[in-house]
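Right, one structure below, let's go through it.
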2 protein chains.
Amino acid sequence: MLVRTPAELGAVLRDRRKKLKLDQSTFAKRIGVSRQWVIEVEHGHARAELGLILRALDALDIRLDASTEQAPARGATRPAVDINAIVAKARKKKA
Amino acid sequence: MLVRTPAELGAVLRDRRKKLKLDQSTFAKRIGVSRQWVIEVEHGHARAELGLILRALDALDIRLDASTEQAPARGATRPAVDINAIVAKARKKKA
DNA sequence: AGCCTATGTCAGCGATCGATGACTTTTTAT
DNA sequence: ATAAAAAGTCATCGATCGCTGACATAGGCT
């Protein structure tokens with residue numbers, strides 16, 4: 001499942017929690033937050049703390065993968081071979 | 001790349017930003033945050049806002065994938081076929 | 001060396017987080 | 001139908017966010 005927005009993330013968490021048959025209370029305790037927090041996050045709270053979110057995902061055995069693939073849309077990717085950068089990098093490694 | 005902690009997330013962002021040859025300032029402007037924010041997040045700030053994080057990932061064309069696969073560790077997964085749940089679901093759809 | 005850019009640090013400030021506890025509404029089960 | 005459980009709402013409060021702006025360091029180039 002692709003995650004683009006806080007709302008999508010909330011849906012992922014809720015669905016998974018239900019699949020595991022946890023209620024919000026026990027889930028909240030398991031990750032060390034209040035039940036209130038669970039409610040808000042599941043509803044897509046955009047300003048939730050990153051660290052708590054990651055803990056919640058972990059508690060539900062959800063893996064998060066960051067990939068660069070498949071995004072041919074925006075701006076110029078692949079600026080072709082940049083010989084200067086290569087030289088600079090090589091120099092740095094030596095030093 | 002698997003993301004488990006705020007620090008790992010920060011590293012992913014930084015690496016990608018550098019690959020795209022953006023400095024923190026222009027990157028910050030692009031996602032609508034302060035340079036200060038970029039610094040802290042790249043350093044693994046655990047309490048960063050989820051929404052801003054997602055915007056940052058998007059700005060760098062990084063895809064986030066949430067999967068359930070490969071986590072045979074913790075508790076009882078796959079509680080076998082749950083006939084009650086299936087019936088309940090069917091009922092709900094009708095109503 | 002001297003300059004310039006990128007990055008990192010500090011202090012102050014308004015806005016908002018997440019916790020708590022009480023209450024209401026919705027859902028589930030008998 | 002009715003009782004219990006789960007989910008949602010509200011207000012309050014201390015702690016911390018992210019922003020700003022100025023300054024400090026670090027690296028690269030001529």
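Identifiers in the structure tokens: chain A, B, ... in order shown; residue index from 1 per chain; ligand index from 1 in order shown.
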
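In chain C, the set of residues within 9 Å of chain B (atoms considered: only C-alpha atoms (C1' of nucleotides)) is DA6, DT7 and DG8 of chain C.
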
If you take only C-alpha atoms (C1' of nucleotides) and a cut-off of 9 Å, which residues of chain D touch chain A, and what are their nearest atom pairs and distances in Å to one decimal, in chain and number order, as JSON lines?
{"residue": "D:DA6", "atom": "C1'", "partner": "A:Asp23", "partner_atom": "CA", "distance": 7.0}
{"residue": "D:DA7", "atom": "C1'", "partner": "A:Gln24", "partner_atom": "CA", "distance": 8.0}
{"residue": "D:DG8", "atom": "C1'", "partner": "A:Ile39", "partner_atom": "CA", "distance": 7.7}

Go ahead and save the residues from that selection, with all heavy atoms, as a CSV table (one decimal), in the first residue's frame.
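Written out: result_13.csv:
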chain,number,residue,atom,x,y,z
D,6,DA,P,-13.9,-3.9,23.9
D,6,DA,OP1,-13.2,-5.0,23.3
D,6,DA,OP2,-13.4,-3.2,25.1
D,6,DA,O5',-14.1,-2.7,22.8
D,6,DA,C5',-14.9,-3.0,21.6
D,6,DA,C4',-15.1,-1.8,20.9
D,6,DA,O4',-16.1,-1.0,21.6
D,6,DA,C3',-13.9,-0.9,20.7
D,6,DA,O3',-13.7,-0.7,19.3
D,6,DA,C2',-14.2,0.4,21.4
D,6,DA,C1',-15.8,0.4,21.5
D,6,DA,N9,-16.4,1.1,22.6
D,6,DA,C8,-16.1,0.9,23.9
D,6,DA,N7,-16.8,1.6,24.7
D,6,DA,C5,-17.6,2.4,23.9
D,6,DA,C6,-18.7,3.3,24.1
D,6,DA,N6,-19.0,3.7,25.3
D,6,DA,N1,-19.3,3.8,23.0
D,6,DA,C2,-18.9,3.4,21.8
D,6,DA,N3,-17.9,2.5,21.4
D,6,DA,C4,-17.4,2.0,22.5
D,7,DA,P,-12.6,0.2,18.7
D,7,DA,OP1,-12.2,-0.3,17.4
D,7,DA,OP2,-11.5,0.4,19.8
D,7,DA,O5',-13.3,1.6,18.5
D,7,DA,C5',-14.4,1.6,17.7
D,7,DA,C4',-15.0,3.0,17.7
D,7,DA,O4',-15.6,3.3,19.0
D,7,DA,C3',-14.0,4.2,17.4
D,7,DA,O3',-14.6,5.0,16.4
D,7,DA,C2',-13.9,4.9,18.7
D,7,DA,C1',-15.3,4.7,19.3
D,7,DA,N9,-15.3,4.7,20.8
D,7,DA,C8,-14.5,4.1,21.7
D,7,DA,N7,-14.8,4.3,22.9
D,7,DA,C5,-15.8,5.2,22.9
D,7,DA,C6,-16.6,5.9,23.9
D,7,DA,N6,-16.3,5.7,25.2
D,7,DA,N1,-17.6,6.7,23.5
D,7,DA,C2,-17.8,6.8,22.2
D,7,DA,N3,-17.1,6.3,21.1
D,7,DA,C4,-16.2,5.5,21.6
D,8,DG,P,-13.6,6.2,15.8
D,8,DG,OP1,-13.9,6.3,14.4
D,8,DG,OP2,-12.3,6.0,16.3
D,8,DG,O5',-14.3,7.4,16.6
D,8,DG,C5',-15.7,7.7,16.3
D,8,DG,C4',-16.1,8.8,17.2
D,8,DG,O4',-16.1,8.4,18.6
D,8,DG,C3',-15.3,10.1,17.1
D,8,DG,O3',-16.2,11.2,16.8
D,8,DG,C2',-14.7,10.3,18.5
D,8,DG,C1',-15.7,9.6,19.4
D,8,DG,N9,-15.2,9.1,20.6
D,8,DG,C8,-14.2,8.1,20.8
D,8,DG,N7,-13.9,7.9,22.1
D,8,DG,C5,-14.8,8.7,22.8
D,8,DG,C6,-15.0,8.9,24.2
D,8,DG,O6,-14.4,8.3,25.1
D,8,DG,N1,-16.0,9.8,24.5
D,8,DG,C2,-16.7,10.5,23.5
D,8,DG,N2,-17.6,11.3,23.9
D,8,DG,N3,-16.6,10.3,22.2
D,8,DG,C4,-15.6,9.4,21.9

Distance query segment 5-11 of chain A at most 7 Å, only C-alpha atoms (C1' of nucleotides), self and fewer than 2 positions along chain excluded, as a count of residues only: 13

Give me, as a PyMOL selection string, the contact residues of chain B against chain A at a cut-off of 8 Å, counting only C-alpha atoms. chain B and resi 1-6+12+20+46-54+58+61-69+71+74+77

Could you pull out the strand (DSSP E or B) residues of segment 15-77 of chain B from DSSP and send them as a ChimeraX atom specification? /B:49,63-67

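By only C-alpha atoms (C1' of nucleotides), and with residues fewer than 3 positions from segment 11-16 of chain C along its chain excluded, the set lying at most 10 Å from it is Arg47 of chain A; DT16, DC17, DG18, DC19, DT20 and DA22 of chain D.
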
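Between atom C1' of DG18 of chain C and atom C1' of DA15 of chain D there is a distance of 9.2 Å.
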